[in-house]
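Reviewing the structure listed below.
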Amino acid sequence: MGAFGRVLVMMAIVTLTRVSADPDMLQDLCVADLTSAVKVNGFTCKSNVTEEDFFFAGLAKPGATNNSMGLVVTAANVQKIPGLNTLGVSLSRVDYAPGGLNPPHTHPRATEIVFVLKGKLDVGFITTANVLISKSIKKGEIFVFPKGLVHFQKNNGKVAAAAIAAFNSQLPGTQSIAAALFAASPPVPDNVLSKAFQVGTKEVDKIKSKFAPKN
């Protein structure tokens with residue numbers, strides 16, 4: 001391989017390593033102006049910066065898990081901590097009731113690494129070849145979910161569990177598979193879901209009713 005070829009290889013390596021997270025920052029800080037009407041890839045910077053822009057106490061206490069999934073996610077992203085803008089990191093606290101489920105979902109903009117604070121979790125992700133990679137993890141252990149892949153966590157224990165999830169994005173985004181398909185607005189056509197899942201439209205409508213807003 002000649003010198004020019006080696007340069008191209010090095011350029012490709014550098015490019016690949018730089019696209020794995022949010023774009024790099026171009027200044028010391030760029031605290032998000034969450035009230036700005038200007039639309040950019042991220043948030044515009046505000047001028048009046050204080051220490052509160054870099055502080056959040058919301059992960060200190062467990063969240064309420066008295067819902068149908070037995071789960072609550074408390075996000076510590078740029079929408080809660082404006083100082084995270086352009087820094088390419090965020091956290092979430094996830095609390096699970098006994099039997100609680102974080103249903104199959106994806107984070108389109110980030111890889112996730114989860115650290116168990118208490119209890120035990122059955123976790124897993126599915127590759128694009130439809131291979132399930134799963135494991136049971138307990139307090140003090142870590143599991144990684146690659147960017148964009150469908151994954152889940154389930155507390156099969158008899159006591160509550162909790163975990164901290166870290167992301168290499170200031171706003172990783174979350175798309176729940178079931179909710180995306182059966183609670184979209186406007187709705188995904190019944191004939192699309194019926195053919196995709198090989199079930200009748202009555203079954204599709206029944207599932208959609210489970211996701212309908214409660215009055």
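Labels used: A, B, ... for chains in the order of the structure tokens, numbers from 1 for residues in each chain, and numbers from 1 for ligands as shown.
Summary of the local environment: counting only C-alpha atoms, residues at most 10 Å from Thr50 (chain A), other than itself and those fewer than 3 positions away along its chain, are Val31, Ser47, Asp53, Phe54, Phe55 and Gly83 of chain A.
Reported to one decimal place, the separation of CA of Ala178 (chain A) from CA of Lys210 (chain A) is 10.5 Å.
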Considering only C-alpha atoms, give me a table of residues in region 41-63 of chain A that are at most 12 Å from region 159-169 of chain A, with the closest atom pair and distance in Å for each, as CSV.
residue,atom,partner,partner_atom,distance
A:Gly42,CA,A:Ser169,CA,10.6
A:Leu59,CA,A:Ile164,CA,8.8
A:Ala60,CA,A:Ile164,CA,10.9
A:Lys61,CA,A:Ala162,CA,10.4
A:Pro62,CA,A:Ala162,CA,7.9
A:Gly63,CA,A:Ala162,CA,9.6
Could those residues be written to a file, using C-alpha atoms, as a PDB file, in the first residue's frame?
ATOM      1  CA  GLY A  42     -29.195  20.631  18.864  1.00  0.00           C
ATOM      2  CA  LEU A  59     -31.914  11.101  39.883  1.00  0.00           C
ATOM      3  CA  ALA A  60     -31.466  11.106  43.656  1.00  0.00           C
ATOM      4  CA  LYS A  61     -34.790   9.472  44.502  1.00  0.00           C
ATOM      5  CA  PRO A  62     -36.753   6.556  43.013  1.00  0.00           C
ATOM      6  CA  GLY A  63     -39.587   7.408  40.665  1.00  0.00           C
TER       7      GLY A  63
END
Practice task
Find the residues near region 86-93 of chain A: any atom within 10 Å, counting only C-alpha atoms, skip ones fewer than 2 places away on the same chain, and give them as a count of residues only.
Solution key: 54
Problem - Separation of CA of Lys158 (chain A) from CA of Phe143 (chain A), in Å and rounded to one decimal - result: 21.3 Å
When DSSP works through the backbone of this structure, what residues of region 95-170 of chain A end up as strand (DSSP E), shown as a PDB file with C-alpha atoms, in the first residue's frame?
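So states_36.pdb came out as:
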ATOM      1  CA  ASP A  95     -36.861   2.268  38.406  1.00  0.00           C
ATOM      2  CA  TYR A  96     -38.619  -1.088  38.089  1.00  0.00           C
ATOM      3  CA  LEU A 101     -40.657  -4.071  32.136  1.00  0.00           C
ATOM      4  CA  ASN A 102     -38.818  -1.521  30.033  1.00  0.00           C
ATOM      5  CA  PRO A 103     -40.428  -2.731  26.795  1.00  0.00           C
ATOM      6  CA  PRO A 104     -38.556  -3.281  23.521  1.00  0.00           C
ATOM      7  CA  HIS A 105     -37.329   0.091  22.269  1.00  0.00           C
ATOM      8  CA  THR A 106     -34.439   1.780  20.487  1.00  0.00           C
ATOM      9  CA  GLU A 112     -26.470   2.825  26.064  1.00  0.00           C
ATOM     10  CA  ILE A 113     -24.568   1.355  29.010  1.00  0.00           C
ATOM     11  CA  VAL A 114     -26.674   0.359  32.005  1.00  0.00           C
ATOM     12  CA  PHE A 115     -25.396  -0.038  35.590  1.00  0.00           C
ATOM     13  CA  VAL A 116     -27.587  -1.856  38.119  1.00  0.00           C
ATOM     14  CA  LEU A 117     -28.044   0.091  41.366  1.00  0.00           C
ATOM     15  CA  LYS A 118     -30.134  -2.556  43.119  1.00  0.00           C
ATOM     16  CA  LYS A 120     -31.627  -7.982  39.326  1.00  0.00           C
ATOM     17  CA  LEU A 121     -32.574  -7.472  35.680  1.00  0.00           C
ATOM     18  CA  ASP A 122     -32.984  -9.714  32.663  1.00  0.00           C
ATOM     19  CA  VAL A 123     -31.705  -7.656  29.739  1.00  0.00           C
ATOM     20  CA  GLY A 124     -31.118  -8.162  26.056  1.00  0.00           C
ATOM     21  CA  PHE A 125     -30.881  -6.724  22.550  1.00  0.00           C
ATOM     22  CA  ILE A 126     -31.639  -8.079  19.092  1.00  0.00           C
ATOM     23  CA  LEU A 132     -31.021 -12.232  20.740  1.00  0.00           C
ATOM     24  CA  ILE A 133     -28.087 -11.339  23.007  1.00  0.00           C
ATOM     25  CA  SER A 134     -29.309 -11.537  26.612  1.00  0.00           C
ATOM     26  CA  LYS A 135     -28.091 -11.909  30.186  1.00  0.00           C
ATOM     27  CA  SER A 136     -29.239 -11.654  33.802  1.00  0.00           C
ATOM     28  CA  ILE A 137     -27.393  -8.885  35.644  1.00  0.00           C
ATOM     29  CA  LYS A 138     -27.389  -7.820  39.289  1.00  0.00           C
ATOM     30  CA  ILE A 142     -23.044  -3.484  33.603  1.00  0.00           C
ATOM     31  CA  PHE A 143     -24.549  -4.311  30.221  1.00  0.00           C
ATOM     32  CA  VAL A 144     -24.212  -2.487  26.898  1.00  0.00           C
ATOM     33  CA  PHE A 145     -26.891  -1.908  24.240  1.00  0.00           C
ATOM     34  CA  VAL A 150     -33.942  -2.992  19.801  1.00  0.00           C
ATOM     35  CA  HIS A 151     -33.443  -3.818  23.482  1.00  0.00           C
ATOM     36  CA  PHE A 152     -35.310  -4.342  26.748  1.00  0.00           C
ATOM     37  CA  GLN A 153     -34.949  -4.788  30.518  1.00  0.00           C
ATOM     38  CA  LYS A 154     -37.222  -6.870  32.783  1.00  0.00           C
ATOM     39  CA  ALA A 161     -34.832  -2.791  41.031  1.00  0.00           C
ATOM     40  CA  ALA A 162     -33.085   0.337  39.771  1.00  0.00           C
ATOM     41  CA  ALA A 163     -30.411   1.180  37.224  1.00  0.00           C
ATOM     42  CA  ILE A 164     -28.484   4.123  35.836  1.00  0.00           C
ATOM     43  CA  ALA A 165     -28.232   4.308  32.042  1.00  0.00           C
ATOM     44  CA  ALA A 166     -25.520   6.366  30.337  1.00  0.00           C
ATOM     45  CA  PHE A 167     -25.647   7.539  26.714  1.00  0.00           C
TER      46      PHE A 167
END
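With only C-alpha atoms as the basis for measurement, A:Ala64 is the residue among A:Leu181, A:Ala129, A:Leu193, A:Ala64 that approaches Ala97 (chain A) most closely.
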Practice task
Can you check which residues of region 84-196 of chain A DSSP gives as alpha helix (DSSP H) on the backbone and send them as a PyMOL selection string?
Solution key: chain A and resi 177-182+190-196
Atoms kept (all heavy atoms) for selection, written as a JSON list (two decimals), in the first residue's frame:
[["chain", "number", "residue", "atom", "x", "y", "z"],
["A", 177, "ILE", "N", -41.16, 0.24, 20.46],
["A", 177, "ILE", "CA", -41.62, -0.45, 19.26],
["A", 177, "ILE", "C", -43.14, -0.59, 19.24],
["A", 177, "ILE", "O", -43.80, -0.26, 18.24],
["A", 177, "ILE", "CB", -40.96, -1.84, 19.15],
["A", 177, "ILE", "CG1", -39.43, -1.72, 19.21],
["A", 177, "ILE", "CG2", -41.40, -2.54, 17.87],
["A", 177, "ILE", "CD1", -38.83, -0.79, 18.19],
["A", 178, "ALA", "N", -43.71, -1.08, 20.33],
["A", 178, "ALA", "CA", -45.16, -1.29, 20.36],
["A", 178, "ALA", "C", -45.92, 0.02, 20.22],
["A", 178, "ALA", "O", -46.88, 0.13, 19.45],
["A", 178, "ALA", "CB", -45.56, -2.00, 21.65],
["A", 179, "ALA", "N", -45.50, 1.03, 20.97],
["A", 179, "ALA", "CA", -46.20, 2.32, 20.91],
["A", 179, "ALA", "C", -46.06, 2.97, 19.54],
["A", 179, "ALA", "O", -47.00, 3.58, 19.03],
["A", 179, "ALA", "CB", -45.65, 3.25, 22.00],
["A", 180, "ALA", "N", -44.87, 2.84, 18.93],
["A", 180, "ALA", "CA", -44.66, 3.42, 17.60],
["A", 180, "ALA", "C", -45.61, 2.81, 16.57],
["A", 180, "ALA", "O", -46.15, 3.50, 15.70],
["A", 180, "ALA", "CB", -43.22, 3.23, 17.17],
["A", 181, "LEU", "N", -45.84, 1.51, 16.68],
["A", 181, "LEU", "CA", -46.67, 0.83, 15.69],
["A", 181, "LEU", "C", -48.17, 0.94, 15.97],
["A", 181, "LEU", "O", -48.97, 1.07, 15.04],
["A", 181, "LEU", "CB", -46.28, -0.65, 15.62],
["A", 181, "LEU", "CG", -44.89, -0.95, 15.05],
["A", 181, "LEU", "CD1", -44.56, -2.42, 15.21],
["A", 181, "LEU", "CD2", -44.82, -0.54, 13.59],
["A", 182, "PHE", "N", -48.53, 0.91, 17.26],
["A", 182, "PHE", "CA", -49.95, 0.81, 17.60],
["A", 182, "PHE", "C", -50.53, 2.09, 18.21],
["A", 182, "PHE", "O", -51.73, 2.14, 18.49],
["A", 182, "PHE", "CB", -50.18, -0.36, 18.54],
["A", 182, "PHE", "CG", -49.90, -1.70, 17.91],
["A", 182, "PHE", "CD1", -48.69, -2.33, 18.12],
["A", 182, "PHE", "CD2", -50.83, -2.29, 17.08],
["A", 182, "PHE", "CE1", -48.43, -3.56, 17.53],
["A", 182, "PHE", "CE2", -50.57, -3.52, 16.48],
["A", 182, "PHE", "CZ", -49.36, -4.15, 16.70],
["A", 190, "ASP", "N", -54.45, -0.38, 9.52],
["A", 190, "ASP", "CA", -54.67, -1.73, 10.03],
["A", 190, "ASP", "C", -54.17, -2.79, 9.06],
["A", 190, "ASP", "O", -53.62, -3.82, 9.48],
["A", 190, "ASP", "CB", -56.16, -1.97, 10.31],
["A", 190, "ASP", "CG", -56.62, -1.28, 11.57],
["A", 190, "ASP", "OD1", -55.80, -0.61, 12.22],
["A", 190, "ASP", "OD2", -57.82, -1.41, 11.91],
["A", 191, "ASN", "N", -54.35, -2.56, 7.74],
["A", 191, "ASN", "CA", -53.94, -3.59, 6.78],
["A", 191, "ASN", "C", -52.42, -3.75, 6.72],
["A", 191, "ASN", "O", -51.91, -4.82, 6.40],
["A", 191, "ASN", "CB", -54.52, -3.32, 5.40],
["A", 191, "ASN", "CG", -54.08, -1.99, 4.80],
["A", 191, "ASN", "OD1", -53.38, -1.21, 5.44],
["A", 191, "ASN", "ND2", -54.52, -1.73, 3.57],
["A", 192, "VAL", "N", -51.69, -2.69, 7.07],
["A", 192, "VAL", "CA", -50.22, -2.79, 7.14],
["A", 192, "VAL", "C", -49.83, -3.65, 8.34],
["A", 192, "VAL", "O", -49.02, -4.58, 8.22],
["A", 192, "VAL", "CB", -49.59, -1.39, 7.27],
["A", 192, "VAL", "CG1", -48.09, -1.50, 7.55],
["A", 192, "VAL", "CG2", -49.81, -0.59, 6.00],
["A", 193, "LEU", "N", -50.40, -3.36, 9.51],
["A", 193, "LEU", "CA", -50.06, -4.12, 10.71],
["A", 193, "LEU", "C", -50.57, -5.55, 10.62],
["A", 193, "LEU", "O", -49.90, -6.48, 11.08],
["A", 193, "LEU", "CB", -50.65, -3.42, 11.94],
["A", 193, "LEU", "CG", -50.09, -2.03, 12.23],
["A", 193, "LEU", "CD1", -50.83, -1.38, 13.38],
["A", 193, "LEU", "CD2", -48.59, -2.11, 12.54],
["A", 194, "SER", "N", -51.73, -5.73, 10.03],
["A", 194, "SER", "CA", -52.30, -7.07, 9.90],
["A", 194, "SER", "C", -51.38, -7.96, 9.07],
["A", 194, "SER", "O", -51.11, -9.11, 9.43],
["A", 194, "SER", "CB", -53.68, -6.98, 9.26],
["A", 194, "SER", "OG", -54.22, -8.27, 9.05],
["A", 195, "LYS", "N", -50.88, -7.42, 7.96],
["A", 195, "LYS", "CA", -50.00, -8.22, 7.10],
["A", 195, "LYS", "C", -48.63, -8.41, 7.74],
["A", 195, "LYS", "O", -48.03, -9.49, 7.66],
["A", 195, "LYS", "CB", -49.86, -7.55, 5.73],
["A", 195, "LYS", "CG", -49.20, -8.43, 4.67],
["A", 195, "LYS", "CD", -49.29, -7.80, 3.30],
["A", 195, "LYS", "CE", -48.72, -8.72, 2.22],
["A", 195, "LYS", "NZ", -49.53, -9.94, 2.06],
["A", 196, "ALA", "N", -48.12, -7.37, 8.40],
["A", 196, "ALA", "CA", -46.79, -7.45, 9.02],
["A", 196, "ALA", "C", -46.76, -8.51, 10.13],
["A", 196, "ALA", "O", -45.78, -9.25, 10.26],
["A", 196, "ALA", "CB", -46.39, -6.09, 9.58]]
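Between CA of Phe197 (chain A) and CA of Gly173 (chain A) lies a distance of 25.5 Å.
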Selection: 12 Å around Pro213 (chain A), only C-alpha atoms, excl. self and same-chain fewer than 4 positions, as a PDB file with all heavy atoms, in the first residue's frame:
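Heads up, here's the output in part26.pdb:
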ATOM      1  N   ALA A 179     -45.496   1.034  20.966  1.00  0.00           N
ATOM      2  CA  ALA A 179     -46.195   2.321  20.912  1.00  0.00           C
ATOM      3  C   ALA A 179     -46.056   2.969  19.542  1.00  0.00           C
ATOM      4  O   ALA A 179     -46.998   3.581  19.030  1.00  0.00           O
ATOM      5  CB  ALA A 179     -45.653   3.246  21.999  1.00  0.00           C
ATOM      6  N   PHE A 182     -48.529   0.908  17.262  1.00  0.00           N
ATOM      7  CA  PHE A 182     -49.951   0.815  17.599  1.00  0.00           C
ATOM      8  C   PHE A 182     -50.533   2.087  18.212  1.00  0.00           C
ATOM      9  O   PHE A 182     -51.726   2.143  18.489  1.00  0.00           O
ATOM     10  CB  PHE A 182     -50.184  -0.363  18.545  1.00  0.00           C
ATOM     11  CG  PHE A 182     -49.899  -1.697  17.913  1.00  0.00           C
ATOM     12  CD1 PHE A 182     -48.692  -2.331  18.119  1.00  0.00           C
ATOM     13  CD2 PHE A 182     -50.833  -2.290  17.080  1.00  0.00           C
ATOM     14  CE1 PHE A 182     -48.427  -3.558  17.531  1.00  0.00           C
ATOM     15  CE2 PHE A 182     -50.571  -3.519  16.477  1.00  0.00           C
ATOM     16  CZ  PHE A 182     -49.358  -4.152  16.698  1.00  0.00           C
ATOM     17  N   ALA A 183     -49.705   3.108  18.406  1.00  0.00           N
ATOM     18  CA  ALA A 183     -50.222   4.352  18.975  1.00  0.00           C
ATOM     19  C   ALA A 183     -49.795   5.576  18.189  1.00  0.00           C
ATOM     20  O   ALA A 183     -49.854   6.698  18.683  1.00  0.00           O
ATOM     21  CB  ALA A 183     -49.775   4.486  20.432  1.00  0.00           C
ATOM     22  N   ALA A 184     -49.340   5.363  16.947  1.00  0.00           N
ATOM     23  CA  ALA A 184     -48.908   6.485  16.114  1.00  0.00           C
ATOM     24  C   ALA A 184     -50.092   7.372  15.763  1.00  0.00           C
ATOM     25  O   ALA A 184     -51.245   6.942  15.747  1.00  0.00           O
ATOM     26  CB  ALA A 184     -48.241   5.973  14.846  1.00  0.00           C
ATOM     27  N   SER A 185     -49.798   8.636  15.505  1.00  0.00           N
ATOM     28  CA  SER A 185     -50.835   9.586  15.091  1.00  0.00           C
ATOM     29  C   SER A 185     -50.321  10.394  13.890  1.00  0.00           C
ATOM     30  O   SER A 185     -49.311  11.095  14.016  1.00  0.00           O
ATOM     31  CB  SER A 185     -51.183  10.541  16.236  1.00  0.00           C
ATOM     32  OG  SER A 185     -52.186  11.442  15.848  1.00  0.00           O
ATOM     33  N   LYS A 208     -54.464  -1.953  19.454  1.00  0.00           N
ATOM     34  CA  LYS A 208     -54.491  -0.492  19.421  1.00  0.00           C
ATOM     35  C   LYS A 208     -55.309   0.072  20.578  1.00  0.00           C
ATOM     36  O   LYS A 208     -54.967   1.126  21.147  1.00  0.00           O
ATOM     37  CB  LYS A 208     -55.058   0.003  18.088  1.00  0.00           C
ATOM     38  CG  LYS A 208     -54.085  -0.071  16.925  1.00  0.00           C
ATOM     39  CD  LYS A 208     -54.681   0.561  15.675  1.00  0.00           C
ATOM     40  CE  LYS A 208     -53.676   0.611  14.543  1.00  0.00           C
ATOM     41  NZ  LYS A 208     -54.230   1.254  13.321  1.00  0.00           N
ATOM     42  N   SER A 209     -56.377  -0.612  20.939  1.00  0.00           N
ATOM     43  CA  SER A 209     -57.226  -0.124  22.035  1.00  0.00           C
ATOM     44  C   SER A 209     -56.474  -0.100  23.359  1.00  0.00           C
ATOM     45  O   SER A 209     -56.782   0.707  24.235  1.00  0.00           O
ATOM     46  CB  SER A 209     -58.482  -0.984  22.156  1.00  0.00           C
ATOM     47  OG  SER A 209     -58.179  -2.287  22.640  1.00  0.00           O
TER      48      SER A 209
END
